[in-house]
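Notes for the one structure printed next.
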Amino acid sequence: MCTVGGPFGNEDIKRLEPQHYACNECGSKFKGIGKNPMCPSCQSEDITELED
Amino acid sequence: MDNGSTRVGSMEKHVPLDTDEILFIRSTDGVIGVVKSGCVQQLFIETFEDEIVMAISAEDLLVASGFSNDGITTKAIVCTLSLIRDAGSPLIVLPKDHPASSRLRVVASVGKRTVVRCDIEKGTHPEQDVLCGPAGLNGLEIVAAKGAVVLRGGNSLIIERKPFR
């Protein structure tokens, strides 16, 4: 069975590293991963990747 | 393979999968369900600190893992995948050591590739390329391909392709 609560087994997993984005349509800021994310508020694809 | 079940060894297996089908991968101690993302373009990953928008494509996979190989778990996997794909339910990530982790009967991940691990804490990993699963499916790699799923590793798997509804 799956180990629950133990500290081992997690160290070699690559951390999730989302990019920061701003929507050029509605101004929302959000974090995203994957190719071609859309604004979660207005579904616009007109977004800009922000510096961390 | 037709819609019946097939037993496969540890070699790479290429299994056709349409968007209206589900692939079940079974071991003696658990079952995994796999469907295509289909028309879903994005999902939300909710952690204690953040909401992350995950952009996905039609060939990406939604994978749900259950910790018994029985009818109730199989039904729960179908419901979980329907909640995510059809109802747009977000993927909720528990904080480490949260007591709910031990109560989870099904966990899920989304992406182009998932590796099943039996040595991680259920429901606490925002990373979508690993998925907690039963020991009998540990190390199984599930990879999206055009109109198909590629399975690598895993011993003596029983796989079934069924309509997803």
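Going through the structure tokens in order, the chains are called A, B, and so on, while each chain numbers its residues from 1 and the ligands are numbered from 1 in the order shown.
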Residues of chain B no more than 8 Å from chain A, counting only C-alpha atoms: send them over as a PyMOL selection string. chain B and resi 29+42+51-56+67+96-97+101-102+117-122+126-127+130+132-135
Residue neighbourhood range 25-28 of chain A, 9 Å, only C-alpha atoms, exclusion window fewer than 2 positions, as a VMD selection string: chain A and resid 21 to 23 30 39 to 42 44 to 47
Export of prior selection with C-alpha atoms as a PDB file, in the first residue's frame:
```
ATOM      1  CA  TYR A  21       1.074  35.638 -16.020  1.00  0.00           C
ATOM      2  CA  ALA A  22      -1.050  38.747 -16.450  1.00  0.00           C
ATOM      3  CA  CYS A  23      -4.103  38.913 -18.693  1.00  0.00           C
ATOM      4  CA  PHE A  30      -2.402  34.127 -12.236  1.00  0.00           C
ATOM      5  CA  CYS A  39      -6.760  33.574 -18.355  1.00  0.00           C
ATOM      6  CA  PRO A  40      -8.881  31.723 -15.749  1.00  0.00           C
ATOM      7  CA  SER A  41     -11.147  34.765 -15.344  1.00  0.00           C
ATOM      8  CA  CYS A  42     -12.043  35.704 -18.931  1.00  0.00           C
ATOM      9  CA  SER A  44      -8.493  35.172 -23.028  1.00  0.00           C
ATOM     10  CA  GLU A  45      -5.353  33.819 -24.639  1.00  0.00           C
ATOM     11  CA  ASP A  46      -3.921  37.354 -24.745  1.00  0.00           C
ATOM     12  CA  ILE A  47      -1.641  37.035 -21.742  1.00  0.00           C
TER      13      ILE A  47
END
```
All residues 12 Å or closer to Lys13 in chain B, only C-alpha atoms, same chain fewer than 4 positions away omitted, as a list in words: Met1, Thr6, Arg7, Val8, Gly9, Ile25, Leu140, Glu141, Ile142, Val143, Ala144, Ala145, Ala148, Val149, Val150, Leu151, Arg152, Gly153, Gly154, Asn155, Ser156, Leu157, Ile158 and Ile159 of chain B
I want to know what sits within 10 Å of Ser82 in chain B, based on only C-alpha atoms, with residues of the same chain fewer than 5 positions away left out; could you give that as a PyMOL selection string? chain B and resi 35+62+76-77+87-89+164-165
With N, CA and C atoms kept, could you save the residues just selected as a PDB file, in the first residue's frame?
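Below you can see result10.pdb, which holds the result:
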```
ATOM      1  N   VAL B  35      -8.214   8.282 -18.909  1.00  0.00           N
ATOM      2  CA  VAL B  35      -9.009   8.812 -20.024  1.00  0.00           C
ATOM      3  C   VAL B  35      -8.239   9.959 -20.680  1.00  0.00           C
ATOM      4  N   LEU B  62      -5.920  12.057 -18.181  1.00  0.00           N
ATOM      5  CA  LEU B  62      -6.405  12.148 -16.801  1.00  0.00           C
ATOM      6  C   LEU B  62      -6.287  10.748 -16.219  1.00  0.00           C
ATOM      7  N   ALA B  76     -15.673   4.367  -8.330  1.00  0.00           N
ATOM      8  CA  ALA B  76     -15.160   5.630  -7.786  1.00  0.00           C
ATOM      9  C   ALA B  76     -14.169   6.279  -8.742  1.00  0.00           C
ATOM     10  N   ILE B  77     -13.384   5.478  -9.431  1.00  0.00           N
ATOM     11  CA  ILE B  77     -12.430   6.014 -10.413  1.00  0.00           C
ATOM     12  C   ILE B  77     -13.181   6.661 -11.578  1.00  0.00           C
ATOM     13  N   ALA B  87     -17.159  17.748 -15.242  1.00  0.00           N
ATOM     14  CA  ALA B  87     -17.705  18.780 -14.357  1.00  0.00           C
ATOM     15  C   ALA B  87     -16.691  19.872 -14.038  1.00  0.00           C
ATOM     16  N   GLY B  88     -15.440  19.722 -14.482  1.00  0.00           N
ATOM     17  CA  GLY B  88     -14.449  20.770 -14.260  1.00  0.00           C
ATOM     18  C   GLY B  88     -13.995  20.901 -12.822  1.00  0.00           C
ATOM     19  N   SER B  89     -14.109  19.827 -12.053  1.00  0.00           N
ATOM     20  CA  SER B  89     -13.669  19.881 -10.658  1.00  0.00           C
ATOM     21  C   SER B  89     -12.158  20.106 -10.591  1.00  0.00           C
ATOM     22  N   PHE B 164     -16.436   5.068 -21.798  1.00  0.00           N
ATOM     23  CA  PHE B 164     -16.425   5.986 -20.648  1.00  0.00           C
ATOM     24  C   PHE B 164     -17.715   6.790 -20.678  1.00  0.00           C
ATOM     25  N   ARG B 165     -18.600   6.491 -19.713  1.00  0.00           N
ATOM     26  CA  ARG B 165     -19.863   7.206 -19.678  1.00  0.00           C
ATOM     27  C   ARG B 165     -20.391   7.219 -18.252  1.00  0.00           C
TER      28      ARG B 165
END
```
What is the distance between CA of Asp70 in chain B and CA of Thr124 in chain B, in Å to one decimal?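 These two atoms are separated by 24.3 Å.
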